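To start, the structure itself, in structure tokens.
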Amino acid sequence: VRCVQETVSTQSTWGKILIIQPLEDLMFTLKRFTSKNISSSFGSFYFSTSTHSKFCIVGGGTAGINVAAQLLKDFKVSSNDIRIFEPSTKHHYQPGWTMVGGGLVNPEFVVRKQADMIPNGVAWTQQAVEKFNPENNTLYIQDGSAFTYDQLIVATGITNNYDGIKGFKEALDDPNSPVGSIYNDKYAAKFQNLMKNFKGGKAIFTFPPMPIKCPGAPQKVLYLSEEHWRKNGVRDKITIDYNITIDVIFGVKKYADELEPIAKSKGINLKYKYALKEVRSQERIAVFEDLTTKQTSEHKYDLLHAVPPMVTPEAIRKSPFVDATGYVDVDQGTMQSTKYPNVWSLGDCSSLPTRKTAAAIFSQTPILLKHMMSVVNKERRPDYVYNGYTSCPIFVGDDKLMLCEFIYNVQPLETFGNQQVPKRFYYWLKRYLFPFAYFNIMPNGRWYGKHLLWNPVK
């Protein structure tokens, strides 16, 4: 790279684009993988002993890893200046849980070691943050240790509130109870086994109160299950109910207008404004509330796939930078905290009024970082603002998928024209390309979701 830099004029824009930048990208990737392999061979990883970091990232999921990787790749921030707080030793590709529950992949397909996902050289504190003191740029972890920061990026995601449905957690944990859920790796694997061995009876699928992670996911596992039963000759012995807490099958009208006929064509009974309140696993009874009349009713089931309500982690809810609903209160264009100028948030735990998906995070990250680094470097703030882009790729069965893309105010913003019609090409993107990009490209800071390998704000 140094030799080429001396040869190619630094004044040549095309020289930079066509020669220097690709070489630097290659060297960055090679350095990451060779250094990772060498450190792994000695059974070690990089840990900083300092309690102060320029950039503290709370959460090592999709958003946290993506932020760290792009700080290194696009802004040449030193890895010594970044610290990630994440208690889990495993990293889950959460969009893949649908494919586990629907029988497309094995559970091992969607999990990696957390150490293999954290960008090389970045400090990793393997504890959860329990308290924030943004007035003093300080946070506290489980053992009481304090850490300080210049910039704080909150990316914890949201958690499943199993207590929001009486008896639900007990039913999930009972291996003899035919109850599962794709919003957890263990329960998704359980549901796959239940679904594949189900031979007849009443199957109930639910959709909880919003907000939740990827609101298209409850439908995905519904259609994949129906396909499996149909292709295995037991569909005529199964009654399928889909009980939804909202008054439409999907929140974007363009796609809902097509999804409802798809569901009905498969013989799925749709019940709107219907909320699961209790699971009596010993009796195999699900108690639902009609949200219009407020009356409750009991329904027998032979198989139940339920989705819990979701909340931000307790430490987030108790922090001083959240809104009234417990989400980190941020500007919807820049993702900067409305209360503290050096606090930022993206992904599921933020107050951004869009659907909570990995696709949304990939669009949010480069814009957040561009604004944050302009503050750090005391530069003019960029014109780029986040428009709410998100995507819900919905499996509809038979190797087809509806690629739902939209922005704020649930307005469609599509990549391939009219995406209301499910296609096999979209299925292949979701089934093969997206998981590959997530595990192999995203940790290098080179994946920008809708924009593939090209940073839209660089």
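Following the order of the structure tokens, first chain is A, next is B, and so on, with residues numbered from 1 inside each chain and ligands from 1 in the order they appear.
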
Proximity of range 146-229 of chain A to range 341-351 of chain A: per-residue shortest pair, 9 Å limit, only C-alpha atoms, as a Markdown table:
```
| residue | atom | partner | partner_atom | distance |
| --- | --- | --- | --- | --- |
| A:Asp150 | CA | A:Asn342 | CA | 6.9 |
| A:Gln151 | CA | A:Asn342 | CA | 5.0 |
| A:Leu152 | CA | A:Val343 | CA | 4.8 |
| A:Ile153 | CA | A:Trp344 | CA | 4.7 |
| A:Val154 | CA | A:Ser345 | CA | 4.7 |
| A:Ala155 | CA | A:Leu346 | CA | 5.9 |
| A:Thr156 | CA | A:Cys349 | CA | 6.2 |
| A:Gly157 | CA | A:Asp348 | CA | 4.6 |
| A:Ile158 | CA | A:Cys349 | CA | 5.6 |
| A:Ile212 | CA | A:Asp348 | CA | 8.3 |
| A:Lys213 | CA | A:Asp348 | CA | 7.0 |
```

Note to self: To test your reading of the structure, identify every residue in range 198-425 of chain A that backbone DSSP assigns to strand (DSSP E), and report it as a ChimeraX atom specification.
What the structure shows: /A:201-207,238-244,268-271,274-280,285-290,296-300,303-305,310-311,343-345,390-397,400-407,411-412

Next item on the list: Excluding range 261-263 of chain A and residues on its chain fewer than 5 positions from it, collect all residues at most 10 Å away from it, counting only C-alpha atoms, and give them as a PyMOL selection string.
Entry: chain A and resi 219+222-223+226+242+249+256+268-270+396-397

Note to self: Here is a test: counting only C-alpha atoms, which residue of A:Leu224, A:Leu413, A:Phe288, A:Leu352 is nearest to Lys400 in chain A?
What the structure shows: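 Distance minimum relative to Lys400 in chain A lands on A:Leu224.
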
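Each of A:Phe75, A:Phe321, A:Tyr438, A:Phe207 was checked against Ile182 in chain A using only C-alpha atoms; the smallest atom-to-atom distance is that of A:Phe207.
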
Next item on the list: Name all residues at most 7 Å from range 420-431 of chain A (count only C-alpha atoms; drop same-chain ones fewer than 5 positions away) and give them as a PyMOL selection string.
Entry: chain A and resi 254-255+258+393+399-403

Check: Given the choices A:Leu104, A:His91, A:Ala123, A:Gly164, which gets closest to Phe55 in chain A if the distance is worked out from only C-alpha atoms?
Finding: A:Ala123

Item checked: Interatomic distance, CA of Asn197 in chain A to CA of Phe250 in chain A (Å, one decimal) -> 28.9 Å

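Non-sequential neighbours of Tyr162 in chain A (distance at most 8 Å, separation of 3 or more positions within a chain, only C-alpha atoms) are A:Ile165, A:Lys166, A:Phe168, A:Lys169, A:Pro308, A:Pro309.
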
Checklist line | Neighbour list for Pro412 in chain A as a ChimeraX atom specification, cut-off 8 Å, only C-alpha atoms, skip fewer than 6 positions in-chain | finding: /A:252,254,404-406

Next item on the list: Find the residue from A:Val328, A:Ala115, A:Val58, A:Ala188 that sits nearest to Ala217 in chain A; use only C-alpha atoms when measuring.
Entry: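 Checking each of A:Val328, A:Ala115, A:Val58, A:Ala188 against Ala217 in chain A, counting only C-alpha atoms, the winner is A:Ala188.
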
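Using only C-alpha atoms, the nearest neighbour of Gly144 in chain A within the list A:Asp241, A:Glu260, A:Glu289, A:Glu130 is A:Glu130.
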